[in-house]
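Working notes, structure below.
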Amino acid sequence: MNLTKKMGLGLGLASLLCSVSSAQTFTKLIAEGDAVPGGEPGELVTRIDNVDINNQGDWAVELDGSGDTASDAYTLVNGVIAFEEGTTTGIATPVGVTSKFIDSMDINDNGDQLFLVGIDLAGATDYIVIRNGVTIYQRNVSVCTAPGLAMGMTYTGLNEVWQNNNDQLLLAASVGVLTDQVMIKVELDPMTGAIVSETLLAMETDTLPGSICPIAGFSASKGRNGITDAGDVFYYTDDVHAGCGDTLTDANLYVNTTRLYNEGDAFPADMTQEFDHFSSAEWDMNSAGDFVFAGFDRNPDSLVDSWIFTSIGGVITPLAHEGDPVPASIGGPWITKGFGFGGTVPIDEDGNVLWMIDWDDTDTTIDTALMWNGNIVIHEGVTVIDGNTCDNVPNSDSEIAMSDDGTYAIAECDMTGGIDTVYMITDLDPGVGVTFCDPANANSTGDSTTLSGTFLTGGGIMGGQSDLHLECKNGVPAELGYFLVGDTSDEPGIVVSSGNLCLTTGPFYRYNVSGTTSNSVGIFNAAGVLENFAGTSTVGPVGMETGFDVPDAVAGTPQVITAGSTWHFQVWHRDTPAGVGTSNFSNGLSVTF
């Protein structure tokens, strides 16, 4: 049995929580100058290097302390030492070695702890891969068993390792000699964690499908490779070009053994351009195959060649483009700059992205922000937490991470006075609008049906189209519902059946127009979430989309939602368990576009 799994925090940290104007909630985890938990007496944190977090809020932080330099590097998991330099803490095998440093770390949603560790072996530095305290790979000892490689070849290099939530790994390594780089997919026994099988995905000198040139190498960067819960592997390759290709088309992004993009392919967010180099591009993918890409097109004007775009269900949407206006949540007449693009860009299972933006404010102390889609999470020089200002926005994979479901993020910020501080962030989605008639009358489940909204890319009205997505939760399972809209709100409204209709001061309209984008009809699932049956939502797993993507056309009218206008929304739904013919309503939500 894996005793390290399911280490949820329980979030018993109310005394540490503080809210800021961006609506996110920040919990301080540890900072420079704090005592090292479990460290030497009087030992203080002097440096913070890596962070990670999972869906349960379990967190991991790598740090250095002020104690004995032979044992002053630590990795904490939920505030408890998981590894300590110069000791055997956290290492079950091999016997007799001590850890020297943590190269990288990962904690998945099951609480599985995965570390690439530098060790002291007979006075020399070596490397091991540890999962839940057990060594599963050791350089120059572990034998690669993947079919397609000569039998008995050992791993001569352990470059990086990634895990998913289904006991699978992606291993970037070398075999035989140091120049024989490989990407290996690893299956683990879910009970014991032991290696069950290895599959060779790609190897230096191989020519993969879609390419005409052999592979010259890979990138072991944490933010350019990974393995999803669907078991799909995504990674970067660099082809040889001497006598084969050239430096303009020698880089590729692969998913399994299918080439997604070549360096010279048409750029999806601007088909007049091509992809430029991938050498500093970052990307991430979720289990649905949606991905985010942060990199460059080949525009000769270097002031407009940086992009971050998402591919959700195959639909390409720019999050930011150098030279374009900043997202609406930033405000002001600012233009996006390229500096800062290319940092890590985690995407969650619903397609939400955590990313950094830089813009052309002449005051360079307030010109960057950490964003969640189009909403500010941390604004340099502006965001205040516990009375201190964040003076430097995190950007790299050693400074920020997001849980797979987007519930939590973890960020390492330089606060007032240059104090490096790690925060857990919740409520990443600040939502949009102002509620009214809230809470609604309880339905037959005892809960109040709850309406909320988000701007999918933060714009409200984007290119003349509505960017508003509505969600409805805490409804009655198996009951039908749909969304309403009005140009005025009324509180407390008028009683209709078991609920209050709060759109009666002026005309209101029903989003139940069959065969159009104004059809929001759905059924509440077993969890009380309104699933969309009309094909008018892009949020949620394919075939199980939830809520409603509000069109710019007002249902059943010639009116169009425009920027600067305010509209008011509510959900009507049946509530048969409360009595035959009974219905109810959600709270209301007023949204200014």
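Residues in the structure tokens are named by chain (A, B, ... in the order shown) and by number from 1 within that chain; ligands are numbered from 1 in the order shown.
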### Query
Neighbours of Tyr261 (chain A) within 9 Å (only C-alpha atoms; same-chain residues fewer than 5 positions away dropped), as a PyMOL selection string?
chain A and resi 251-254+266+275
### Message
Residues within 12 Å of Ser583 (chain A), please, as a count of residues only. Count only C-alpha atoms; anything in the same chain fewer than 2 positions from it doesn't count.
### Response
31
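The two atoms in question, CA of Ala555 (chain A) and CA of Leu456 (chain A), are spaced 20.1 Å apart.
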### Task
Output as a PyMOL selection string all residues of region 378-458 of chain A that backbone DSSP marks as strand (DSSP E).
chain A and resi 378-379+384-385+388-392+400-402+409-415+419-426+434-436+450-455
If you take only C-alpha atoms and a cut-off of 12 Å, which residues of region 440-462 of chain A touch region 522-534 of chain A, and what are their nearest atom pairs and distances in Å to one decimal, in chain and number order, as a Markdown table?
| residue | atom | partner | partner_atom | distance |
| --- | --- | --- | --- | --- |
| A:Asn443 | CA | A:Gly528 | CA | 11.2 |
| A:Ser444 | CA | A:Gly528 | CA | 11.6 |
| A:Thr445 | CA | A:Gly528 | CA | 9.3 |
| A:Gly446 | CA | A:Gly528 | CA | 11.7 |
| A:Asp447 | CA | A:Gly528 | CA | 9.8 |
| A:Ser448 | CA | A:Gly528 | CA | 10.7 |
| A:Thr449 | CA | A:Gly528 | CA | 8.6 |
| A:Thr450 | CA | A:Val529 | CA | 9.5 |
| A:Leu451 | CA | A:Leu530 | CA | 10.0 |
| A:Ser452 | CA | A:Val529 | CA | 11.7 |
Please dump the current selection as a tab-separated table (two decimals), in the first residue's frame; keep all heavy atoms.
chain	number	residue	atom	x	y	z
A	443	ASN	N	-33.99	24.80	-3.51
A	443	ASN	CA	-34.74	23.83	-4.32
A	443	ASN	C	-34.94	22.54	-3.52
A	443	ASN	O	-34.63	22.48	-2.33
A	443	ASN	CB	-34.02	23.57	-5.66
A	443	ASN	CG	-32.60	23.06	-5.46
A	443	ASN	OD1	-32.34	22.18	-4.65
A	443	ASN	ND2	-31.65	23.65	-6.22
A	444	SER	N	-35.43	21.50	-4.16
A	444	SER	CA	-35.79	20.27	-3.43
A	444	SER	C	-34.59	19.53	-2.88
A	444	SER	O	-34.75	18.64	-2.04
A	444	SER	CB	-36.60	19.33	-4.34
A	444	SER	OG	-35.84	18.98	-5.49
A	445	THR	N	-33.37	19.88	-3.31
A	445	THR	CA	-32.17	19.25	-2.74
A	445	THR	C	-31.77	19.92	-1.43
A	445	THR	O	-30.90	19.40	-0.72
A	445	THR	CB	-30.98	19.33	-3.71
A	445	THR	OG1	-30.52	20.68	-3.81
A	445	THR	CG2	-31.33	18.78	-5.08
A	446	GLY	N	-32.38	21.07	-1.12
A	446	GLY	CA	-31.99	21.84	0.05
A	446	GLY	C	-30.98	22.92	-0.26
A	446	GLY	O	-30.69	23.77	0.59
A	447	ASP	N	-30.41	22.90	-1.48
A	447	ASP	CA	-29.46	23.93	-1.90
A	447	ASP	C	-30.15	24.99	-2.73
A	447	ASP	O	-31.24	24.78	-3.27
A	447	ASP	CB	-28.33	23.31	-2.74
A	447	ASP	CG	-27.38	22.49	-1.92
A	447	ASP	OD1	-27.20	22.82	-0.74
A	447	ASP	OD2	-26.82	21.51	-2.45
A	448	SER	N	-29.48	26.12	-2.87
A	448	SER	CA	-29.94	27.17	-3.77
A	448	SER	C	-29.22	27.02	-5.10
A	448	SER	O	-27.98	26.93	-5.14
A	448	SER	CB	-29.65	28.55	-3.18
A	448	SER	OG	-30.37	28.75	-1.98
A	449	THR	N	-29.96	26.98	-6.19
A	449	THR	CA	-29.35	26.89	-7.52
A	449	THR	C	-28.50	28.13	-7.76
A	449	THR	O	-28.96	29.25	-7.54
A	449	THR	CB	-30.43	26.76	-8.60
A	449	THR	OG1	-31.34	25.72	-8.22
A	449	THR	CG2	-29.83	26.43	-9.94
A	450	THR	N	-27.26	27.91	-8.22
A	450	THR	CA	-26.28	29.00	-8.24
A	450	THR	C	-25.79	29.28	-9.66
A	450	THR	O	-25.31	28.37	-10.35
A	450	THR	CB	-25.07	28.65	-7.35
A	450	THR	OG1	-25.54	28.34	-6.04
A	450	THR	CG2	-24.09	29.80	-7.29
A	451	LEU	N	-25.90	30.52	-10.07
A	451	LEU	CA	-25.45	30.98	-11.39
A	451	LEU	C	-24.16	31.77	-11.23
A	451	LEU	O	-24.04	32.61	-10.32
A	451	LEU	CB	-26.52	31.85	-12.02
A	451	LEU	CG	-26.18	32.56	-13.34
A	451	LEU	CD1	-25.92	31.55	-14.45
A	451	LEU	CD2	-27.31	33.51	-13.75
A	452	SER	N	-23.20	31.53	-12.11
A	452	SER	CA	-21.94	32.29	-12.12
A	452	SER	C	-21.49	32.45	-13.56
A	452	SER	O	-21.98	31.76	-14.46
A	452	SER	CB	-20.85	31.60	-11.30
A	452	SER	OG	-20.54	30.32	-11.85
### Message
To one decimal place in Å, what is the distance between CA of Gly245 (chain A) and CA of Gly176 (chain A)?
### Response
26.4 Å
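When only C-alpha atoms are used to measure the gap to Met415 (chain A), the shortest distance among A:Gly295, A:Pro394, A:Gly39, A:Gly564 belongs to A:Pro394.
Using only C-alpha atoms for every distance, the candidate list A:Gly374, A:Gly223, A:Gly148, A:Gly387 yields A:Gly148 as the residue closest to Leu200 (chain A).
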